[in-house]
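> Here's a structure for you.
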Amino acid sequence: LILTIITTLSLLIPPLSRPITRAIARFWTRIMQLLLRVIVGIRTRVTGLENLPEGPCIVASKHMSDWDTIALYPLLSNPSFIAKKELFRIPLLGSALKTLNIISIDRKKRGGALKSMLEQGRDRISQGTKLFIFPEGTRKKPLAPPNYRTGASKLYESLDVPLVPVALNSGLFWGRNSIILWPGTASARILPPIAPGLSAEEAHERMSKAIEDATTELILEAVNKGLSSPVSDEFRQRIDQARQKPAIPAQS
């Protein structure tokens with residue numbers, strides 16, 4: 001709340017508002033990582049940073065937890081996130097999001113939302129910014145059936161920039177709407193980029209497979225080391241099913 005008030009006050013000084021807001025956002029994510037580690041016992045591990053292109057690109061990540069934004073934002077050089085319009089209606093926070101150049105989409109408009117996202121995305125890419133999107137649109141439970149939407153691949157086809165998939169296992173430690181957080185190492189893996197030039201359909205298929213394969217691998221690695229959280233019968237069945245699939249080659 002204090003940091004958001006400072007951000008709002010910075011709007012009174014337009015030349016400084018964006019640098020101040022970005023600095024506060026990075027500070028907040030670092031403080032959150034520290035508190036998660038010290039109070040809850042959740043450590044943060046992100047690998048594959050060498051796969052991030054220097055210039056503009058689209059970063060498409062699996063989404064399981066609030067941890068995902070906290071861990072990835074400070075590593076992406078002030079990316080432009082794609083977020084639902086409702087977040088902009090929250091007092092103070094909405095002003096901060098606008099200052100951070102976040103892309104607002106109205107998910108109720110369907111086709112209109114895609115058109116708006118493409119227009120805003122083209123503007124951000126022209127500024128040299130990385131776009132960050134959760135292709136499934138909402139947080140998923142670990143090993144739950146995936147539901148990748150076409151927004152990321154449409155952006156990729158339209159904007160002619162690399163598409164970088166990101167896998168993670170954060171839902172094992174901080175689940176959707178959970179009031180209990182569990183100790184462990186939450187991991188994200190930035191995967192090799194998909195170069196421009198493919199159709200939206202090809203990019204969608206490659207992105208979805210890369211994210212799901214690597215996410216399953218990260219989850220099974222954590223399960224094999226032992227989880228502090230209880231394992232439900234449903235999740236145990238999903239683990240058994242995942243183990244029966246062919247081995248997935250490790251990626252850096």
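Residues in the structure tokens are named by chain (A, B, ... in the order shown) and by number from 1 within that chain; ligands are numbered from 1 in the order shown.
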Near Ile5 of chain A, within 12 Å and counting only C-alpha atoms, which residues show up once chain neighbours fewer than 2 positions away are dropped, as number ranges by chain?

A: 1-3, 7-12, 20-21, 24, 91-96

> Set the distance at 10 Å and use only C-alpha atoms: which residues neighbour segment 37-54 of chain A once local chain neighbours fewer than 6 positions away are removed? I'd like the list as number ranges by chain.

A: 31, 67-68, 70-72, 75-77, 128, 130, 161-168, 170, 173-174, 180-193, 251-252

> Compile the contact shell of Thr150 of chain A as JSON, numbers by chain: residues with an atom at most 7 Å away, counting only C-alpha atoms, same-chain residues fewer than 3 positions apart removed.

{"A": [153, 154, 204]}

> Could you write out the selected residues, including C-alpha atoms, as a PDB file, in the first residue's frame?


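Result saved to part.pdb:
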ATOM      1  CA  SER A 153       0.657 -17.193 -31.236  1.00  0.00           C
ATOM      2  CA  LYS A 154      -1.420 -14.468 -32.927  1.00  0.00           C
ATOM      3  CA  HIS A 204       0.964 -22.416 -30.946  1.00  0.00           C
TER       4      HIS A 204
END

> Work out how far apart atom CA of Ser208 of chain A and atom CA of Ile133 of chain A are and give it in Å to one decimal.

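A separation of 13.1 Å between them.
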
> Taking the backbone alone, and naming residues the way the document does, which bits of segment 65-153 of chain A are helix (DSSP H, G or I) by DSSP, as a PyMOL selection string?

chain A and resi 67-75+85-89+93-99+107-109+111-126+151-153

> Put those residues in a file: N, CA and C atoms, as a compact mmCIF listing (two decimals), in the first residue's frame.


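This went into out.txt:
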# COMPACT_ATOMS: atom_id res chain seq x y z
N TRP A 67 3.38 -16.24 -7.55
CA TRP A 67 4.85 -16.28 -7.57
C TRP A 67 5.39 -16.01 -8.97
N ASP A 68 4.65 -16.41 -9.99
CA ASP A 68 5.15 -16.33 -11.36
C ASP A 68 5.55 -14.91 -11.75
N THR A 69 4.71 -13.95 -11.43
CA THR A 69 5.02 -12.55 -11.73
C THR A 69 6.15 -12.04 -10.85
N ILE A 70 6.10 -12.40 -9.58
CA ILE A 70 7.12 -11.95 -8.64
C ILE A 70 8.51 -12.41 -9.06
N ALA A 71 8.62 -13.64 -9.54
CA ALA A 71 9.92 -14.20 -9.89
C ALA A 71 10.43 -13.71 -11.24
N LEU A 72 9.53 -13.50 -12.21
CA LEU A 72 9.96 -13.24 -13.57
C LEU A 72 10.08 -11.76 -13.92
N TYR A 73 9.26 -10.92 -13.30
CA TYR A 73 9.28 -9.50 -13.67
C TYR A 73 10.67 -8.86 -13.58
N PRO A 74 11.41 -9.02 -12.47
CA PRO A 74 12.70 -8.32 -12.38
C PRO A 74 13.76 -8.84 -13.35
N LEU A 75 13.50 -9.97 -14.00
CA LEU A 75 14.49 -10.57 -14.89
C LEU A 75 14.28 -10.18 -16.35
N LYS A 85 -8.58 -6.33 -17.87
CA LYS A 85 -9.01 -4.95 -17.67
C LYS A 85 -9.44 -4.67 -16.23
N GLU A 86 -9.98 -5.70 -15.55
CA GLU A 86 -10.49 -5.51 -14.20
C GLU A 86 -9.43 -5.00 -13.23
N LEU A 87 -8.17 -5.37 -13.45
CA LEU A 87 -7.10 -4.94 -12.55
C LEU A 87 -6.90 -3.43 -12.57
N PHE A 88 -7.23 -2.81 -13.70
CA PHE A 88 -7.04 -1.38 -13.83
C PHE A 88 -8.09 -0.58 -13.06
N ARG A 89 -9.13 -1.26 -12.60
CA ARG A 89 -10.19 -0.59 -11.85
C ARG A 89 -9.90 -0.54 -10.35
N LEU A 93 -3.73 0.90 -7.61
CA LEU A 93 -3.04 -0.10 -8.42
C LEU A 93 -3.25 0.15 -9.90
N GLY A 94 -4.47 0.56 -10.28
CA GLY A 94 -4.75 0.83 -11.68
C GLY A 94 -3.84 1.90 -12.25
N SER A 95 -3.58 2.95 -11.46
CA SER A 95 -2.69 4.02 -11.91
C SER A 95 -1.27 3.51 -12.10
N ALA A 96 -0.84 2.64 -11.19
CA ALA A 96 0.51 2.08 -11.29
C ALA A 96 0.65 1.21 -12.54
N LEU A 97 -0.38 0.42 -12.85
CA LEU A 97 -0.33 -0.44 -14.02
C LEU A 97 -0.23 0.37 -15.31
N LYS A 98 -0.98 1.46 -15.38
CA LYS A 98 -0.91 2.31 -16.57
C LYS A 98 0.48 2.90 -16.73
N THR A 99 1.08 3.30 -15.63
CA THR A 99 2.43 3.87 -15.68
C THR A 99 3.45 2.84 -16.15
N ARG A 107 -11.52 -9.38 -21.61
CA ARG A 107 -11.71 -10.77 -22.03
C ARG A 107 -13.14 -11.07 -22.46
N LYS A 108 -14.08 -10.18 -22.13
CA LYS A 108 -15.48 -10.41 -22.49
C LYS A 108 -15.74 -10.08 -23.96
N LYS A 109 -14.83 -9.33 -24.57
CA LYS A 109 -15.07 -8.88 -25.95
C LYS A 109 -14.60 -9.86 -27.02
N GLY A 111 -13.20 -11.29 -29.89
CA GLY A 111 -12.45 -10.80 -31.05
C GLY A 111 -11.94 -9.39 -30.86
N GLY A 112 -12.73 -8.54 -30.21
CA GLY A 112 -12.30 -7.18 -29.95
C GLY A 112 -11.10 -7.12 -29.04
N ALA A 113 -11.04 -8.04 -28.10
CA ALA A 113 -9.91 -8.09 -27.17
C ALA A 113 -8.62 -8.43 -27.92
N LEU A 114 -8.71 -9.36 -28.88
CA LEU A 114 -7.53 -9.73 -29.66
C LEU A 114 -7.05 -8.56 -30.49
N LYS A 115 -7.97 -7.85 -31.13
CA LYS A 115 -7.59 -6.70 -31.95
C LYS A 115 -6.90 -5.64 -31.10
N SER A 116 -7.45 -5.35 -29.93
CA SER A 116 -6.85 -4.36 -29.04
C SER A 116 -5.47 -4.81 -28.56
N MET A 117 -5.35 -6.10 -28.25
CA MET A 117 -4.07 -6.63 -27.78
C MET A 117 -3.00 -6.51 -28.87
N LEU A 118 -3.37 -6.79 -30.11
CA LEU A 118 -2.42 -6.68 -31.22
C LEU A 118 -1.97 -5.23 -31.42
N GLU A 119 -2.92 -4.30 -31.34
CA GLU A 119 -2.58 -2.89 -31.52
C GLU A 119 -1.65 -2.41 -30.41
N GLN A 120 -1.98 -2.73 -29.17
CA GLN A 120 -1.14 -2.31 -28.05
C GLN A 120 0.21 -3.03 -28.08
N GLY A 121 0.18 -4.31 -28.46
CA GLY A 121 1.43 -5.08 -28.53
C GLY A 121 2.38 -4.52 -29.58
N ARG A 122 1.84 -4.12 -30.72
CA ARG A 122 2.68 -3.54 -31.78
C ARG A 122 3.33 -2.24 -31.30
N ASP A 123 2.58 -1.46 -30.53
CA ASP A 123 3.12 -0.22 -29.99
C ASP A 123 4.26 -0.50 -29.02
N ARG A 124 4.08 -1.49 -28.14
CA ARG A 124 5.13 -1.79 -27.15
C ARG A 124 6.38 -2.38 -27.81
N ILE A 125 6.17 -3.24 -28.81
CA ILE A 125 7.31 -3.83 -29.52
C ILE A 125 8.11 -2.75 -30.23
N SER A 126 7.43 -1.74 -30.78
CA SER A 126 8.13 -0.64 -31.46
C SER A 126 9.00 0.14 -30.49
N GLY A 151 -3.90 -16.24 -28.23
CA GLY A 151 -3.41 -14.87 -28.19
C GLY A 151 -1.92 -14.74 -28.41
N ALA A 152 -1.12 -15.58 -27.73
CA ALA A 152 0.34 -15.50 -27.84
C ALA A 152 0.80 -15.80 -29.26
N SER A 153 0.23 -16.83 -29.88
CA SER A 153 0.66 -17.19 -31.24
C SER A 153 0.19 -16.16 -32.27

> Can you check which residues of segment 82-185 of chain A DSSP gives as strand (DSSP E or B) on the backbone and send them as a list in words?

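The residues of segment 82-185 of chain A classed as strand (DSSP E or B) are Ile82, Ala83, Lys84, Ile103, Ser104, Ile105, Leu131, Phe132, Ile133, Leu163, Val164, Pro165, Val166, Ala167, Leu168, Gly184 and Thr185 of chain A.
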
> What does the distance between atom CA of Thr4 of chain A and atom CA of Ala25 of chain A come to in Å, to one decimal place?

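Separation of atom CA of Thr4 of chain A and atom CA of Ala25 of chain A: 9.3 Å.
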
> Which of these residues is nearest to Glu221 of chain A, using only C-alpha atoms: A:Arg243, A:Lys209, A:Arg238, A:Arg26?

A:Arg243
